[in-house]
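Input: a single structure, listed below in structure tokens.
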Amino acid sequence: MKRGGRVQGEGKKTNTISMDASTPTQQAKKRGRPKSSKSKEERDAKTTTTTTTTTTTSSSGGAVKMRGGGDKKVAAVDDKYTQWKVLIPVLYDWFANHNLIWPSLSCRWGPVLEEANQKNRQRIYLSEQTDGSVPNTLVIANCEVVKKRVAAGDHIANFSEESRSPFVKKYKTIIHPGEVNRIREFPQYNSIIATHTDCPEVLIWDIEAQTNRHAVFGAAESRPDLVLTGHEDNAEYALAMSPTEPYVLSGGKDKNVILWSLLDHISAASGGSIIKAAENPSIAPRGIFKGHEDTVEDVQFCPSSAQEFCSVGDDSCLILWDERTGSNPVIKVEKAHNADVHCVDWNPLDINLILTGSADHSVCMFDRRNLGSPVHKFEDHKAAVLCVQWCPDKSSVFGSSAEDGFLNIWDYEKIGKEKEIGGRSPNYPPGLFFKHAGHRDKVVDFHWNSSDPWTIVSVSDDVETSNGGGTLQIWRMSDLIYRPEEEVLTELEKFKAHVVECTSK
């Protein structure tokens with residue numbers, strides 16, 4: 001198929017919508033971590049000769065790493081980080097920082113394993129993207145998630161950037177065939193996950209059936225339990241699981257969106273396990289959907305139907321599909337953004353709302369009942385948006401992360417309700433009510449915890465601001481930030497009265 005072409009198929013006629021661009025089209029910067037031909041030792045040597053690192057103490061009492069060498073960008077990042085760390089006891093109910101030797105391009109919550117009075121033990125999935133000196137790995141870890149209003153403020157701010165968190169323990173390592181670009185879990189099965197790498201196939205893993213491996217040079221790759229075939233070129237990022245049925249959705253460089261069903265390949269017993277039917281089991285597509293004119297960057301299912309889904313790509317398009325009507329788009333928004341569209345999410349609490357994030361630095365919210373233009377365009381990021389996700393706890397709240405190192409939390413219900421401060425309008429964008437500034441470099445992925453309200457895991461690739469590696473952070477903002485204002489003020493008045501009473505004694 002020629003670039004820009006589209007294979008016509010039977011089904012519902014495509015509705016094509018073109019949005020007027022308010023600004024000139026930008027030249028998109030391709031996403032992903034640049035490949036380096038240098039070894040880790042060579043990078044270490046270069047860093048030693050060009051960068052000086054000193055340690056200073058912030059007003060919070062913690063050690064803050066400062067990098068010298070006259071790099072204004074790094075100095076600005078250090079200033080931002082230092083200011084943020086001082087405010088941790090005020091802004092967060094709980095926070096944990098976990099240093100990664102190798103960066104991870106994806107992070108996901110898994111099932112809750114154990115519940116206790118003050119914390120739960122829950123699974124986390126991440127990866128290790130190496131330089132080839134050791135194998136790339138898929139990491140299954142167990143995380144101790146501290147419950148709301150348990151952690152002390154001075155305790156959560158007292159951590160070292162260079163250390164691993166005591167709350168995160170590695171459970172199992174799988175040697176992955178190639179680097180892990182994307183991880184997705186099956187809502188129906190606790191032990192089964194899917195991964196994308198730099199190849200056309202989607203790999204399915206039964207993590208309980210897989211053996212724990214040691215990632216040493218020359219070690220053989222682990223063998224996936226199932227392989228989903230159908231792409232004609234690499235499928236690196238676009239991957240989604242249906243919340244209603246065990247369906248998998250993927251997009252790739254071949255410009256196709258592909259759908260698979262695992263219904264006949266997974267046993268329902270004991271939370272789900274893959275049925276071993278062949279030495280190298282693979283599954284052919286249930287459907288191939290054509291309509292994009294460039295790489296498909298992300299896909300997402302409708303929360304209420306495994307037959308309806310959407311996709312975005314480097315052609316700046318947002319496309320809605322319905323398997324029941326054929327392989328052509330149902331609706332196509334030709335100019336959803338002014339650059340590559342990197343990410344998309346469908347609101348699980350309001351199925352009419354869809355989010356998109358783009359290399360044009362913006363997030364758009366669309367209503368599928370009227371896709372002529374976005375309901376609102378959220379602008380605050382200073383670099384490409386890499387991930388968007390709706391909050392599972394409140395229908396109007398969502399997060400967005402970007403290459404600028406910030407993870408923003410928005411509430412579209414707050415738009416138009418901003419209060420003037422000292423007679424002046426607020427200097428923050430409409431809808432923005434929290435900025436997580438704990439990462440020094442691009443925040444490549446994050447995931448809301450559906451089992452622990454308002455808790456997020458986020459990961460950054462720190463190659464630009466440090467000597468490789470990455471940072472995993474698990475955090476929950478203070479509930480004084482998102483609860484209704486009247487409720488918060490009432491609580492603070494009670495606290496004030498308590499303080500006055502204690503002082504008088």
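Just so we're on the same page: first chain in the structure tokens is A, next is B, and so on; residues restart at 1 for each chain, and ligands are numbered from 1 in the order they show up.
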Tell me, counting only C-alpha atoms, for each residue of segment 156-211 of chain A within 8 Å of segment 123-134 of chain A, which pair of atoms is nearest and how far apart they are in Å to one decimal, in rows ordered by chain and increasing number, as CSV.
```
residue,atom,partner,partner_atom,distance
A:Glu179,CA,A:Gln129,CA,5.5
A:Val180,CA,A:Ser127,CA,6.3
A:Ile183,CA,A:Tyr125,CA,7.4
```
Note to self: Just list as JSON, numbers by chain whatever in segment 61-224 of chain A DSSP marks as helix (DSSP H, G or I).
What the structure shows: {"A": [72, 73, 74, 75, 76, 77, 78, 79, 80, 81, 82, 83, 84, 85, 86, 88, 89, 90, 91, 153, 154, 155, 156]}
Note to self: Using only C-alpha atoms, which protein or nucleic acid residues come within 10 Å of Pro246 of chain A? Drop anything in the same chain fewer than 6 positions from it, and give the result as a VMD selection string.
What the structure shows: chain A and resid 186 to 189 260 to 266 306
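Between Ser460 of chain A and the candidates A:Arg324, A:Lys73, A:Lys494, A:His98, the tightest atom-to-atom separation, counting only C-alpha atoms, involves A:His98.
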Next item on the list: Find the residue from A:Lys72, A:Lys394, A:Arg213, A:Lys85 that sits nearest to His439 of chain A; use only C-alpha atoms when measuring.
Entry: A:Lys85
Members of segment 110-325 of chain A assigned strand (DSSP E or B) by DSSP, as a PDB file with C-alpha atoms, in the first residue's frame:
```pdb
ATOM      1  CA  GLY A 110      -1.100  -4.954  38.628  1.00  0.00           C
ATOM      2  CA  PRO A 111      -3.431  -6.731  41.058  1.00  0.00           C
ATOM      3  CA  VAL A 112      -3.567  -6.208  44.821  1.00  0.00           C
ATOM      4  CA  LEU A 113      -1.819  -9.174  46.460  1.00  0.00           C
ATOM      5  CA  GLU A 114      -2.428  -8.489  50.136  1.00  0.00           C
ATOM      6  CA  GLU A 115      -4.379  -5.969  52.213  1.00  0.00           C
ATOM      7  CA  LYS A 119      -0.721  -0.557  53.547  1.00  0.00           C
ATOM      8  CA  ASN A 120      -1.481  -2.915  50.706  1.00  0.00           C
ATOM      9  CA  ARG A 121       0.929  -5.037  48.719  1.00  0.00           C
ATOM     10  CA  GLN A 122       0.359  -4.606  44.992  1.00  0.00           C
ATOM     11  CA  ARG A 123       2.084  -5.665  41.812  1.00  0.00           C
ATOM     12  CA  ILE A 124       3.897  -3.200  39.520  1.00  0.00           C
ATOM     13  CA  TYR A 125       5.186  -3.902  36.001  1.00  0.00           C
ATOM     14  CA  LEU A 126       8.161  -2.054  34.544  1.00  0.00           C
ATOM     15  CA  SER A 127      11.181  -2.785  32.369  1.00  0.00           C
ATOM     16  CA  GLU A 128      14.919  -2.275  31.952  1.00  0.00           C
ATOM     17  CA  THR A 137      14.163  -7.202  30.798  1.00  0.00           C
ATOM     18  CA  LEU A 138      10.520  -7.156  31.802  1.00  0.00           C
ATOM     19  CA  VAL A 139      10.380  -6.643  35.570  1.00  0.00           C
ATOM     20  CA  ILE A 140       7.585  -7.759  37.879  1.00  0.00           C
ATOM     21  CA  ALA A 141       7.829  -6.019  41.260  1.00  0.00           C
ATOM     22  CA  ASN A 142       5.802  -5.916  44.459  1.00  0.00           C
ATOM     23  CA  CYS A 143       5.006  -2.508  45.918  1.00  0.00           C
ATOM     24  CA  GLU A 144       3.956  -1.633  49.459  1.00  0.00           C
ATOM     25  CA  VAL A 145       1.262   1.033  48.933  1.00  0.00           C
ATOM     26  CA  VAL A 146       0.850   3.092  52.109  1.00  0.00           C
ATOM     27  CA  VAL A 168       9.513  -1.572  45.837  1.00  0.00           C
ATOM     28  CA  LYS A 169      10.898  -5.127  45.709  1.00  0.00           C
ATOM     29  CA  LYS A 170      11.692  -7.050  42.536  1.00  0.00           C
ATOM     30  CA  TYR A 171       9.658 -10.268  42.334  1.00  0.00           C
ATOM     31  CA  LYS A 172      10.575 -11.730  38.965  1.00  0.00           C
ATOM     32  CA  THR A 173      12.688 -10.886  35.919  1.00  0.00           C
ATOM     33  CA  ILE A 174      11.868 -11.977  32.374  1.00  0.00           C
ATOM     34  CA  ILE A 175      14.563 -11.608  29.711  1.00  0.00           C
ATOM     35  CA  ARG A 182       4.873  -0.677  26.219  1.00  0.00           C
ATOM     36  CA  ILE A 183       3.292  -2.900  28.902  1.00  0.00           C
ATOM     37  CA  ARG A 184      -0.418  -3.546  29.272  1.00  0.00           C
ATOM     38  CA  GLU A 185      -2.250  -5.773  31.749  1.00  0.00           C
ATOM     39  CA  ILE A 192      -1.240 -12.169  32.070  1.00  0.00           C
ATOM     40  CA  ILE A 193       0.292  -9.093  30.441  1.00  0.00           C
ATOM     41  CA  ALA A 194       1.215  -7.981  26.910  1.00  0.00           C
ATOM     42  CA  THR A 195       4.278  -6.120  25.653  1.00  0.00           C
ATOM     43  CA  HIS A 196       5.373  -4.187  22.582  1.00  0.00           C
ATOM     44  CA  VAL A 202       2.611  -8.448  20.264  1.00  0.00           C
ATOM     45  CA  LEU A 203       4.028 -10.692  23.002  1.00  0.00           C
ATOM     46  CA  ILE A 204       1.789 -12.247  25.682  1.00  0.00           C
ATOM     47  CA  TRP A 205       3.284 -13.361  29.004  1.00  0.00           C
ATOM     48  CA  ASP A 206       1.909 -15.533  31.797  1.00  0.00           C
ATOM     49  CA  LEU A 226       1.593 -16.388  23.060  1.00  0.00           C
ATOM     50  CA  VAL A 227       2.517 -14.301  20.014  1.00  0.00           C
ATOM     51  CA  LEU A 228      -0.040 -12.115  18.212  1.00  0.00           C
ATOM     52  CA  LEU A 239      -1.286  -1.273  22.647  1.00  0.00           C
ATOM     53  CA  ALA A 240      -4.522  -1.629  24.622  1.00  0.00           C
ATOM     54  CA  MET A 241      -6.656  -4.232  26.400  1.00  0.00           C
ATOM     55  CA  TYR A 247      -9.377  -8.491  23.392  1.00  0.00           C
ATOM     56  CA  VAL A 248      -6.079  -6.905  22.357  1.00  0.00           C
ATOM     57  CA  LEU A 249      -5.668  -3.832  20.144  1.00  0.00           C
ATOM     58  CA  SER A 250      -2.440  -2.705  18.488  1.00  0.00           C
ATOM     59  CA  GLY A 251      -1.148  -0.157  15.976  1.00  0.00           C
ATOM     60  CA  ASN A 256      -2.850  -0.513  10.554  1.00  0.00           C
ATOM     61  CA  VAL A 257      -4.934  -1.044  13.682  1.00  0.00           C
ATOM     62  CA  ILE A 258      -5.257  -4.740  14.504  1.00  0.00           C
ATOM     63  CA  LEU A 259      -7.671  -6.547  16.823  1.00  0.00           C
ATOM     64  CA  TRP A 260      -7.206  -9.982  18.424  1.00  0.00           C
ATOM     65  CA  SER A 261      -9.324 -12.097  20.767  1.00  0.00           C
ATOM     66  CA  ILE A 266      -6.917 -18.580  28.132  1.00  0.00           C
ATOM     67  CA  SER A 267      -8.399 -20.790  30.820  1.00  0.00           C
ATOM     68  CA  SER A 273      -3.720 -19.095  32.559  1.00  0.00           C
ATOM     69  CA  ILE A 274      -2.652 -19.540  28.948  1.00  0.00           C
ATOM     70  CA  SER A 282       0.452 -17.682  17.797  1.00  0.00           C
ATOM     71  CA  ILE A 283      -2.868 -15.983  17.114  1.00  0.00           C
ATOM     72  CA  GLY A 287      -9.695  -7.795  12.229  1.00  0.00           C
ATOM     73  CA  ILE A 288      -7.344  -5.389  10.423  1.00  0.00           C
ATOM     74  CA  PHE A 289      -8.468  -1.766  10.200  1.00  0.00           C
ATOM     75  CA  LYS A 290      -7.052   0.645   7.627  1.00  0.00           C
ATOM     76  CA  VAL A 296      -0.296   4.551  14.553  1.00  0.00           C
ATOM     77  CA  GLU A 297       1.026   5.828  17.901  1.00  0.00           C
ATOM     78  CA  ASP A 298      -1.724   4.806  20.342  1.00  0.00           C
ATOM     79  CA  VAL A 299      -5.027   2.940  20.558  1.00  0.00           C
ATOM     80  CA  GLN A 300      -7.788   2.617  23.144  1.00  0.00           C
ATOM     81  CA  PHE A 301     -10.989   0.607  23.582  1.00  0.00           C
ATOM     82  CA  CYS A 302     -14.359   2.087  24.408  1.00  0.00           C
ATOM     83  CA  SER A 305     -17.577  -2.277  24.267  1.00  0.00           C
ATOM     84  CA  ALA A 306     -14.801  -4.474  22.891  1.00  0.00           C
ATOM     85  CA  GLN A 307     -16.082  -3.776  19.362  1.00  0.00           C
ATOM     86  CA  GLU A 308     -15.598   0.001  19.526  1.00  0.00           C
ATOM     87  CA  PHE A 309     -12.174   1.628  19.748  1.00  0.00           C
ATOM     88  CA  CYS A 310     -10.133   4.645  18.679  1.00  0.00           C
ATOM     89  CA  SER A 311      -6.616   5.358  17.432  1.00  0.00           C
ATOM     90  CA  VAL A 312      -4.226   8.273  16.862  1.00  0.00           C
ATOM     91  CA  GLY A 313      -1.065   8.625  14.821  1.00  0.00           C
ATOM     92  CA  LEU A 318      -8.053  10.717  15.589  1.00  0.00           C
ATOM     93  CA  ILE A 319     -10.107   7.806  14.219  1.00  0.00           C
ATOM     94  CA  LEU A 320     -13.090   6.009  15.749  1.00  0.00           C
ATOM     95  CA  TRP A 321     -13.747   2.403  14.681  1.00  0.00           C
ATOM     96  CA  ASP A 322     -16.517  -0.182  15.108  1.00  0.00           C
TER      97      ASP A 322
END
```
Next item on the list: Would you mind telling me which residue in A:Leu100, A:Leu489, A:Ala384, A:Val150 lies nearest to Glu162 of chain A when using only C-alpha atoms?
Entry: A:Leu100
Margin query: My list of candidates is A:Pro374, A:Pro89, A:Pro329, A:Pro200. Which is closest to Ala235 of chain A when distances are computed with only C-alpha atoms?
Written below: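 Among A:Pro374, A:Pro89, A:Pro329, A:Pro200, it is A:Pro200 that comes nearest to Ala235 of chain A.
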Near Val341 of chain A, within 10 Å and counting only C-alpha atoms, which residues show up once chain neighbours fewer than 4 positions away are dropped, as a CSV table (one decimal) with N, CA, C and O atoms, in the first residue's frame?
```
chain,number,residue,atom,x,y,z
A,28,ALA,N,7.2,17.6,13.6
A,28,ALA,CA,7.1,16.8,14.7
A,28,ALA,C,8.4,16.1,15.1
A,28,ALA,O,9.2,15.7,14.2
A,295,THR,N,2.3,6.3,10.9
A,295,THR,CA,2.4,5.4,12.0
A,295,THR,C,1.3,5.6,13.0
A,295,THR,O,1.0,6.7,13.4
A,296,VAL,N,0.7,4.5,13.5
A,296,VAL,CA,-0.3,4.6,14.6
A,296,VAL,C,0.5,4.6,15.9
A,296,VAL,O,1.2,3.6,16.2
A,297,GLU,N,0.3,5.6,16.7
A,297,GLU,CA,1.0,5.8,17.9
A,297,GLU,C,0.3,5.3,19.1
A,297,GLU,O,1.0,4.9,20.1
A,298,ASP,N,-1.0,5.3,19.2
A,298,ASP,CA,-1.7,4.8,20.3
A,298,ASP,C,-3.1,4.4,20.0
A,298,ASP,O,-3.7,4.8,19.0
A,311,SER,N,-8.1,5.4,17.7
A,311,SER,CA,-6.6,5.4,17.4
A,311,SER,C,-6.2,6.8,17.0
A,311,SER,O,-6.9,7.6,16.5
A,312,VAL,N,-4.9,7.0,17.3
A,312,VAL,CA,-4.2,8.3,16.9
A,312,VAL,C,-2.9,8.0,16.3
A,312,VAL,O,-2.3,6.9,16.5
A,313,GLY,N,-2.3,8.9,15.5
A,313,GLY,CA,-1.1,8.6,14.8
A,313,GLY,C,-0.3,9.8,14.4
A,313,GLY,O,-0.7,11.0,14.6
A,314,ASP,N,0.8,9.6,13.7
A,314,ASP,CA,1.7,10.6,13.2
A,314,ASP,C,1.1,11.4,12.0
A,314,ASP,O,1.7,12.3,11.5
A,315,ASP,N,-0.1,11.0,11.5
A,315,ASP,CA,-0.8,11.7,10.5
A,315,ASP,C,-1.7,12.8,11.2
A,315,ASP,O,-2.5,13.4,10.5
A,316,SER,N,-1.6,13.0,12.5
A,316,SER,CA,-2.4,14.0,13.2
A,316,SER,C,-3.8,13.7,13.3
A,316,SER,O,-4.7,14.5,13.7
A,317,CYS,N,-4.2,12.4,13.0
A,317,CYS,CA,-5.6,12.0,13.0
A,317,CYS,C,-6.1,11.3,14.3
A,317,CYS,O,-5.3,10.6,14.9
A,318,LEU,N,-7.3,11.5,14.6
A,318,LEU,CA,-8.1,10.7,15.6
A,318,LEU,C,-9.1,10.0,14.8
A,318,LEU,O,-9.9,10.6,14.1
A,335,LYS,N,-7.5,16.6,11.4
A,335,LYS,CA,-6.5,17.5,12.0
A,335,LYS,C,-6.8,17.7,13.5
A,335,LYS,O,-7.2,18.7,14.0
A,336,ALA,N,-6.7,16.6,14.2
A,336,ALA,CA,-6.9,16.6,15.7
A,336,ALA,C,-5.9,17.5,16.4
A,336,ALA,O,-6.3,18.2,17.4
A,337,HIS,N,-4.7,17.6,15.9
A,337,HIS,CA,-3.6,18.4,16.4
A,337,HIS,C,-2.8,18.9,15.3
A,337,HIS,O,-3.0,18.5,14.1
A,356,THR,N,-6.7,13.3,23.8
A,356,THR,CA,-5.5,13.1,22.9
A,356,THR,C,-4.4,14.0,23.3
A,356,THR,O,-4.6,15.2,23.8
A,357,GLY,N,-3.1,13.5,23.2
A,357,GLY,CA,-2.0,14.3,23.5
A,357,GLY,C,-1.0,14.3,22.4
A,357,GLY,O,-0.9,13.3,21.7
A,358,SER,N,-0.3,15.4,22.2
A,358,SER,CA,0.4,15.6,20.9
A,358,SER,C,1.8,16.2,21.1
A,358,SER,O,2.2,16.8,22.1
A,359,ALA,N,2.6,16.0,20.0
A,359,ALA,CA,3.9,16.7,19.9
A,359,ALA,C,3.8,18.2,19.8
A,359,ALA,O,4.8,18.9,19.9
A,360,ASP,N,2.5,18.7,19.6
A,360,ASP,CA,2.3,20.2,19.6
A,360,ASP,C,2.2,20.8,21.0
A,360,ASP,O,1.8,21.9,21.2
A,361,HIS,N,2.5,19.9,22.0
A,361,HIS,CA,2.5,20.3,23.4
A,361,HIS,C,1.2,20.4,24.1
A,361,HIS,O,1.1,20.7,25.3
A,362,SER,N,0.1,20.1,23.4
A,362,SER,CA,-1.2,20.3,23.9
A,362,SER,C,-2.0,19.0,24.2
A,362,SER,O,-1.6,17.9,23.6
A,363,VAL,N,-3.0,19.1,25.0
A,363,VAL,CA,-4.0,18.0,25.2
A,363,VAL,C,-5.4,18.4,24.8
A,363,VAL,O,-5.8,19.6,25.1
A,384,ALA,N,6.6,17.9,23.9
A,384,ALA,CA,5.7,16.9,23.4
A,384,ALA,C,5.0,16.1,24.6
A,384,ALA,O,5.6,15.7,25.5
A,385,VAL,N,3.7,16.0,24.5
A,385,VAL,CA,2.9,15.2,25.4
A,385,VAL,C,3.0,13.7,25.1
A,385,VAL,O,2.8,13.3,23.9
A,386,LEU,N,3.4,12.9,26.0
A,386,LEU,CA,3.7,11.4,25.8
A,386,LEU,C,2.6,10.5,26.3
A,386,LEU,O,2.5,9.4,25.8
```
Check: Expressed in Å to a single decimal, how great is the separation between atom CA of Val86 of chain A and atom CA of Glu464 of chain A?
Finding: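 Separation of atom CA of Val86 of chain A and atom CA of Glu464 of chain A: 23.5 Å.
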Next item on the list: Compare A:Ala152, A:Leu371, A:Leu87, A:Ala215 by their minimum atom-to-atom distance to Lys435 of chain A, counting only C-alpha atoms, and give me the closest one.
Entry: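 Going through A:Ala152, A:Leu371, A:Leu87, A:Ala215 one by one, the smallest distance to Lys435 of chain A is for A:Leu87.
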